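S.K.: Dropping the structure in here first, questions after.
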Number of protein chains: 2
Amino acid sequence: MHASKYHINTLKEAPSEAEVASHQLMTRAGMIRKAAGGIYSYMPMGLKVLRKIEAIIREEMNRAGAIELLMPVVQPAELWVESGRFKEYGPELLRIKDRHQRDFVLQPTSEEVITDIARNEIHSWRQLPVNFYHIQTKFRDERRPRFGLMRGREFIMKDAYSFDRDEEAAQLSYDRMYEAYMRIFTRLGLEFRAVAADTGAIGGSRSHEFQVIADTGEDLIVYNPESDYAANIELAEAPCLIPERAAPSEALQKTATPDAPKCELVAEQLGRPLTDTVKSIVLATDPVEKSEPVKIWLLLLRGDHELNEIKTSKLPGFENGYRFATEEEIVEHFGCMPGYLGPLNTRKPVNVIADTTVANMSDFICGANEEGYHYTGMNWVRDLPEAPVFDLRNVVDGDPDPKGGSLRIQRGIEVGHVFFLGDKYSRALNATFLETDGKPTIMQMGCYGIGVSRIAAAAIEQNHDSRGIIWPRAIAPFEVVICPLGYHKSETVRNIADTLYAELQAAGVDVMLDDRDTRPGIMFADWELIGVPLRVTVGERGLKDGVVEIQPRRASEADRVACDAALNHVLETLKSL
Amino acid sequence: MHASKYHINTLKEAPSEAEVASHQLMTRAGMIRKAAGGIYSYMPMGLKVLRKIEAIIREEMNRAGAIELLMPVVQPAELWVESGRFKEYGPELLRIKDRHQRDFVLQPTSEEVITDIARNEIHSWRQLPVNFYHIQTKFRDERRPRFGLMRGREFIMKDAYSFDRDEEAAQLSYDRMYEAYMRIFTRLGLEFRAVAADTGAIGGSRSHEFQVIADTGEDLIVYNPESDYAANIELAEAPCLIPERAAPSEALQKTATPDAPKCELVAEQLGRPLTDTVKSIVLATDPVEKSEPVKIWLLLLRGDHELNEIKTSKLPGFENGYRFATEEEIVEHFGCMPGYLGPLNTRKPVNVIADTTVANMSDFICGANEEGYHYTGMNWVRDLPEAPVFDLRNVVDGDPDPKGGSLRIQRGIEVGHVFFLGDKYSRALNATFLETDGKPTIMQMGCYGIGVSRIAAAAIEQNHDSRGIIWPRAIAPFEVVICPLGYHKSETVRNIADTLYAELQAAGVDVMLDDRDTRPGIMFADWELIGVPLRVTVGERGLKDGVVEIQPRRASEADRVACDAALNHVLETLKSL
């Protein structure tokens with residue numbers, strides 16, 4: 001490709017709304033243009049990146065035996081009613097009406113349509129297993145779309161759905177997809193982790209997220225550098241930090257702690273470490289039958305720990321959801337406003353649950369249910385009845401891993417998700433096949449998503465510097481750019497540049513020749529912003545010594561390479577990019 | 001690809017709603033599955049066909065210098081308001097609201113978004129010409145979607161938009177696209193015609209449709225087998241069939257023609273040829289200012305001719321549209337009900353227009369404005385004042401071409417359209433660039449569409465028989481299918497089949513090996529229905545003579561070819577398919 005025949009339009013400034021690097025840089029590099037909030041046009045180089053990502057995904061999906069088809073963007077509501085999601089799905093599901101006032105949705109995923117296809121197409125155990133996928137435009141009507149392609153409304157996703165005879169077979173399909181995803185993200189040239197993840201509202205027993213490591217990621221990943229353990233913080237089990245509960249050594253004492261409604265302030269006021277304090281979190285669960293009362297729960301965590309809402313949602317008694325208690329409910333049960341609450345001397349009985357670490361604390365400090373007072377020297381058994389113990393907290397960087405070593409935390413961007421669905425959709429839509437014994441049997445499903453457009457953004461979040469994007473070679477809009485200095489003035493420069501261009505093309509390299517009549521500084525800045533991983537500069541000065549300059553985007557200096565060795569040098573260097 | 005690892009599900013019966021061959025056969029062959037009216041899932045083999053069509057389009061668009069990008073499916077209404085189409089476009093434009101009640105549309109085309117991109121991206125004459133295209137899902141909310149992919153609601157289209165400095169340059173862009181389209185449809189292996197077409201409501205001066213020839217087509221194409229003339233019947237100029245007007249030879253006479261409200265009946269009753277009769281068509285044009293009166297027009301056509309509504313819409317005085325006159329208006333002006341109307345003795349003056357052929361008729365028969373009566377022996381000048389003369393009619397098969405030869409009519413399916421837009425959108429959206437003189441200048445545009453999914457259907461309408469589809473090689477889901485008889489029973493059969501499969505794959509042929517354990521009859525019927533252009537049958541009986549059978553889909557008999565010559569025979573035969 002010659003730059004003069006292509007559309008290159010870089011911008012000095014990113015739009016003020018662009019908060020993250022990928023949004024800023026994709027806009028500045030001219031890869032995306034906003035059409036509406038969360039809706040973008042992919043400009044030529046942005047589209048090239050997407051197509052390269054898609055091609056790698058497609059190859060590995062096919063290699064794993066998945067079969068590509070294409071389901072529609074506009075889907076009939078009936079199927080979504082059948083699965084229950086037409087009602088359950090929040091306002092992110094864009095529900096529309098056609099000219100005859102019939103209900104449709106813009107698909108955010110395609111479980112319903114694929115299950116409908118499966119129940120019509122698959123009749124016999126002989127046809128299983130099967131795994132269908134498509135790469136299609138999705139729509140999710142985010143309340144507040146932002147971060148460019150990271151959280152767009154219209155986006156491109158690969159979603160696959162496996163159908164199996166039983167759970168065991170479905171787990172094999174899951175494993176096959178897991179392996180395919182490992183290959184895909186490795187080939188994309190990204191630093192990533194497969195992390196165990198919560199299965200959320202869908203239920204099912206297994207789920208892994210594929211997270212691209214990046215400081216700007218919204219997800220927290222817990223991992224052990226010495227093992228292969230990695231899990232989303234939502235799911236990662238937090239260890240009990242106190243192996244054995246010590247015997248009480250202090251007397252229980254109500255202590256004045258004026259203006260100290262937080263553990264940090266109490267610890268400071270009393271000159272004690274924060275790890276001696278216990279925080280009280282009051283939750284409520286509403287009854288299914290309105291005639292029954294609301295249940296009030298007191299969750300106890302060590303002062304330096306944070307509540308994990310996913311773990312909380314799985315507590316016994318929390319099956320139908322929970323909420324934070326209202327101030328009114330708190331005063332009614334504790335006789336005190338938030339800030340000084342604790343398990344001892346509540347006005348009405350509450351259900352106390354202790355985090356695993358709190359359960360082994362002794363001589364700890366907690367609220368006295370009286371404004372301006374805390375108890376010190378609180379001890380289980382002696383002062384308080386034992387409470388049910390659960391893992392309630394988020395892992396903290398440095399927590400010991402019970403299996404050895406210690407846990408670390410890093411940020412990630414979720415770009416893929418594999419999910420064992422079980423029969424949630426196949427049962428709702430009655431997708432059955434005839435087993436060997438002739439009995440209709442519900443298929444077992446898995447679903448497997450990859451955010452194609454999000455990968456482009458995540459790659460940038462992981463790979464950029466002050467000058468612009470640094471694409472991994474596999475998904476760069478061009479692998480090499482040749483920058484001739486004086487292409488239109490010097491025949492020598494032009495000949496060398498043209499020859500190298502032709503040779504690289506013949507070698508199958510995706511190469512750009514910048515034949516624009518621009519100043520070198522602008523030319524270099526453009527390609528550094530765009531992030532082409534390797535630049536070859538052809539100038540008269542170098543050619544006097546018989547050399548061209550070859551510079552990887554990450555390198556601080558260029559290699560001076562003899563003209564006749566340039567081709568091989570480029571091909572060799574590319575291998576490492 | 002091995003059939004056992006693929007999804008093949010053919011049906012004996014097409015759904016009753018499938019009226020045309022392509023809809024029936026694509027459904028029966030398992031290439032599409034209906035999700036809702038006019039909305040389909042493309043099953044694996046259907047998608048393969050689409051991808052092959054897309055690849056050819058993409059290659060030729062790139063070769064012609066067009067640049068691919070991707071505009072969104074969901075587009076903000078503001079741009080459509082700016083162009084005026086949010087209001088003007090009929091109910092086929094699906095208007096939707098997001099969760100914040102903001103207006104959006106599902107794009108049927110992308111003139112607005114691309115013009116918005118152009119006005120933001122293009123600042124200088126140096127950046128022109130440029131031609132952007134995308135291949136994207138479109139939505140057109142047809143009132144009554146039918147004919148499968150021929151007239152779907154959600155469909156895939158390639159649309160390109162050229163931007164130029166002036167009209168002359170824009171015409172060159174148009175020509176370049178015209179040539180690219182010729183190459184595309186030739187490579188697709190379809191019999192087609194590029195036909196001059198009406199420019200419709202968009203205005204502009206040039207337009208060509210690319211029509212796939214098929215008896216089931218909805219469009220009528222006028223062409224001259226002896227020249228390169230071809231035009232849509234809407235546009236095709238109809239010749240005057242009477243070179244010179246003869247002198248009157250009959251007296252004007254009012255003749256009783258009871259119960260003969262149509263020319264055919266009058267001619268029969270009077271024992272005269274239909275070509276001696278003239279039919280009266282009464283139209284009305286409404287005034288722009290309500291204070292002015294409605295104008296009533298009488299269009300005269302020879303009894304055997306049909307009114308061309310496009311030509312009519314271009315008559316002077318018809319700029320703001322026209323309609324058929326109401327019965328009330330007819331009676332008011334003619335003093336007679338429809339069936340016996342004519343130009344002589346109207347109750348009120350009407351504006352008479354004569355078709356070119358009628359203008360040269362003499363001694364003709366027309367209504368007498370009295371129920372049950374016609375005039376015979378009517379002549380211009382003597383009985384009637386000369387009226388303005390225009391081409392009002394559709395060409396009829398066999399009409400002479402004034403440039404020599406005669407005109408023929410055939411049916412076609414429109415699969416492509418090139419259109420010179422001028423400044424309709426660029427002016428509405430103020431898409432300007434700075435000319436060499438520094439003056440902001442409106443860009444000149446062209447738009448160029450190809451119906452990707454429709455091509456698949458049109459190819460089938462043109463190429464099928466009672467057994468199924470006959471794909472042109474270029475867009476067949478597989479180019480060759482190897483059908484081993486007894487793959488799981490005979491090692492010899494399996495070895496020969498496997499070897500040929502490997503050889504064809506190595507030769508770059510898209511080959512399917514049917515390793516299913518099915519009876520030969522079913523296997524053959526499947527592939528004939530699916531329409532793979534070449535089948536190789538490997539069976540023990542043939543192998544005893546050292547041969548395999550190679551049969552093009554259209555051939556009635558197979559070639560028996562020695563095993564070691566099979567590869568070359570297949571490769572040679574493919575060249576002609």
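Every chain in the structure tokens has a letter given in the order shown (A, B, ...), and although residue numbers restart at 1 in each chain, ligands are simply numbered from 1 in the order shown.
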Mind listing the helix (DSSP H, G or I) residues of segment 16-104 of chain A, per DSSP on the backbone, as a ChimeraX atom specification?
M.R.: /A:21-28,44-63,77-83,85-88
S.K.: Could you please select, counting only C-alpha atoms, the residues of chain A within 6 Å of chain B and state them as an MDAnalysis selection string?
M.R.: chainID A and resid 41:44 47 68:72
S.K.: Could you check how far atom CA of Val570 of chain A sits from atom CA of Lys489 of chain A, in Å to one decimal?
M.R.: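 According to the coordinates, atom CA of Val570 of chain A and atom CA of Lys489 of chain A are separated by 25.1 Å.
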S.K.: So that I can see what lies close to segment 511-528 of chain B, please list as a PyMOL selection string the residues with an atom at most 8 Å from it, counting only C-alpha atoms and leaving out residues fewer than 5 positions away in the same chain.
M.R.: chain B and resi 1-4+10+29+467-470+478-488+497+501+504-505+553
S.K.: What does the distance between atom CA of Tyr174 of chain A and atom CA of Gly84 of chain A come to in Å, to one decimal place?
M.R.: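 Distance reported for this atom pair: 24.6 Å.
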S.K.: Could you name the residues that touch segment 255-270 of chain A at 12 Å or less, counting only C-alpha atoms, but leaving out those on the same chain fewer than 3 positions away, as a PyMOL selection string?
M.R.: chain A and resi 251-252+273-281+301-305+336-342+364-378
S.K.: Write down as a PyMOL selection string the residues belonging to segment 260-474 of chain B that are assigned strand (DSSP E) by DSSP computed on the backbone.
M.R.: chain B and resi 278-285+295-302+323-324+351-355+364-370+373-378+389-390+408-422+432-434+440-442+444-451+464-465+468-469
S.K.: Give me a file of those residues, with C-alpha atoms, as an mmCIF file, in the first residue's frame.
M.R.:
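Once written, again-v8.cif looks like this:
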```
data_model
loop_
_atom_site.group_PDB
_atom_site.id
_atom_site.type_symbol
_atom_site.label_atom_id
_atom_site.label_comp_id
_atom_site.auth_asym_id
_atom_site.auth_seq_id
_atom_site.Cartn_x
_atom_site.Cartn_y
_atom_site.Cartn_z
ATOM 1 C CA VAL B 278 -56.068 4.831 -28.728
ATOM 2 C CA LYS B 279 -56.464 4.584 -24.966
ATOM 3 C CA SER B 280 -57.103 7.546 -22.697
ATOM 4 C CA ILE B 281 -55.377 7.828 -19.333
ATOM 5 C CA VAL B 282 -56.500 10.669 -17.087
ATOM 6 C CA LEU B 283 -53.992 12.046 -14.591
ATOM 7 C CA ALA B 284 -54.097 14.928 -12.177
ATOM 8 C CA THR B 285 -51.368 17.198 -10.811
ATOM 9 C CA LYS B 295 -54.709 20.309 -13.434
ATOM 10 C CA ILE B 296 -56.263 17.443 -15.384
ATOM 11 C CA TRP B 297 -54.252 15.687 -18.080
ATOM 12 C CA LEU B 298 -55.277 13.287 -20.784
ATOM 13 C CA LEU B 299 -52.486 10.990 -21.958
ATOM 14 C CA LEU B 300 -53.106 9.154 -25.217
ATOM 15 C CA LEU B 301 -51.416 5.812 -25.914
ATOM 16 C CA ARG B 302 -51.988 3.278 -28.610
ATOM 17 C CA ARG B 323 -51.713 10.897 -9.501
ATOM 18 C CA PHE B 324 -54.516 9.156 -11.323
ATOM 19 C CA ASN B 351 -54.316 19.061 -21.187
ATOM 20 C CA VAL B 352 -53.826 16.464 -23.880
ATOM 21 C CA ILE B 353 -50.458 14.752 -24.397
ATOM 22 C CA ALA B 354 -49.881 12.211 -27.145
ATOM 23 C CA ASP B 355 -47.390 9.389 -27.156
ATOM 24 C CA PHE B 364 -57.879 5.993 -35.206
ATOM 25 C CA ILE B 365 -60.523 4.928 -32.739
ATOM 26 C CA CYS B 366 -60.996 6.548 -29.350
ATOM 27 C CA GLY B 367 -63.664 7.162 -26.712
ATOM 28 C CA ALA B 368 -66.468 9.649 -27.474
ATOM 29 C CA ASN B 369 -66.981 10.826 -23.878
ATOM 30 C CA GLU B 370 -70.372 9.175 -23.931
ATOM 31 C CA TYR B 373 -69.765 5.161 -27.845
ATOM 32 C CA HIS B 374 -66.388 5.553 -29.550
ATOM 33 C CA TYR B 375 -65.252 7.692 -32.432
ATOM 34 C CA THR B 376 -63.808 6.000 -35.476
ATOM 35 C CA GLY B 377 -61.890 7.804 -38.210
ATOM 36 C CA MET B 378 -60.375 10.297 -35.799
ATOM 37 C CA VAL B 389 -45.875 14.778 -28.062
ATOM 38 C CA PHE B 390 -43.796 12.739 -25.609
ATOM 39 C CA ARG B 408 -35.734 -7.316 -26.954
ATOM 40 C CA ILE B 409 -36.918 -7.610 -23.402
ATOM 41 C CA GLN B 410 -35.681 -9.930 -20.697
ATOM 42 C CA ARG B 411 -36.069 -10.156 -16.946
ATOM 43 C CA GLY B 412 -33.338 -9.344 -14.487
ATOM 44 C CA ILE B 413 -32.540 -9.153 -10.797
ATOM 45 C CA GLU B 414 -30.846 -5.957 -9.740
ATOM 46 C CA VAL B 415 -27.709 -6.828 -7.774
ATOM 47 C CA GLY B 416 -25.675 -3.677 -8.245
ATOM 48 C CA HIS B 417 -26.206 -0.001 -8.836
ATOM 49 C CA VAL B 418 -23.796 2.804 -9.640
ATOM 50 C CA PHE B 419 -25.095 6.269 -9.199
ATOM 51 C CA PHE B 420 -23.780 9.758 -9.789
ATOM 52 C CA LEU B 421 -25.102 11.691 -6.786
ATOM 53 C CA GLY B 422 -23.729 15.137 -7.519
ATOM 54 C CA THR B 432 -16.574 21.201 1.448
ATOM 55 C CA PHE B 433 -12.871 21.222 0.735
ATOM 56 C CA LEU B 434 -10.503 24.034 -0.113
ATOM 57 C CA PRO B 440 -14.494 26.201 0.057
ATOM 58 C CA THR B 441 -16.050 23.991 -2.603
ATOM 59 C CA ILE B 442 -18.791 21.378 -2.304
ATOM 60 C CA GLN B 444 -19.206 15.860 -5.883
ATOM 61 C CA MET B 445 -20.315 12.393 -4.893
ATOM 62 C CA GLY B 446 -21.154 9.046 -6.377
ATOM 63 C CA CYS B 447 -22.582 6.004 -4.626
ATOM 64 C CA TYR B 448 -22.142 2.397 -5.611
ATOM 65 C CA GLY B 449 -24.014 -0.508 -4.094
ATOM 66 C CA ILE B 450 -23.844 -4.277 -4.427
ATOM 67 C CA GLY B 451 -26.295 -6.576 -2.691
ATOM 68 C CA HIS B 464 -30.670 -24.269 -10.833
ATOM 69 C CA ASP B 465 -32.561 -27.294 -12.029
ATOM 70 C CA GLY B 468 -31.114 -28.185 -6.850
ATOM 71 C CA ILE B 469 -28.622 -25.369 -7.095
#
```
S.K.: Measure the distance from atom CA of Thr537 of chain A to atom CA of Ala558 of chain A in Å and round it to one decimal.
M.R.: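 Atom CA of Ala558 of chain A lies at a distance of 9.1 Å from atom CA of Thr537 of chain A.
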S.K.: Closest to Pro225 of chain A among A:Pro316, A:Gly531, A:Pro400, A:Gly539, using only C-alpha atoms?
M.R.: A:Pro400
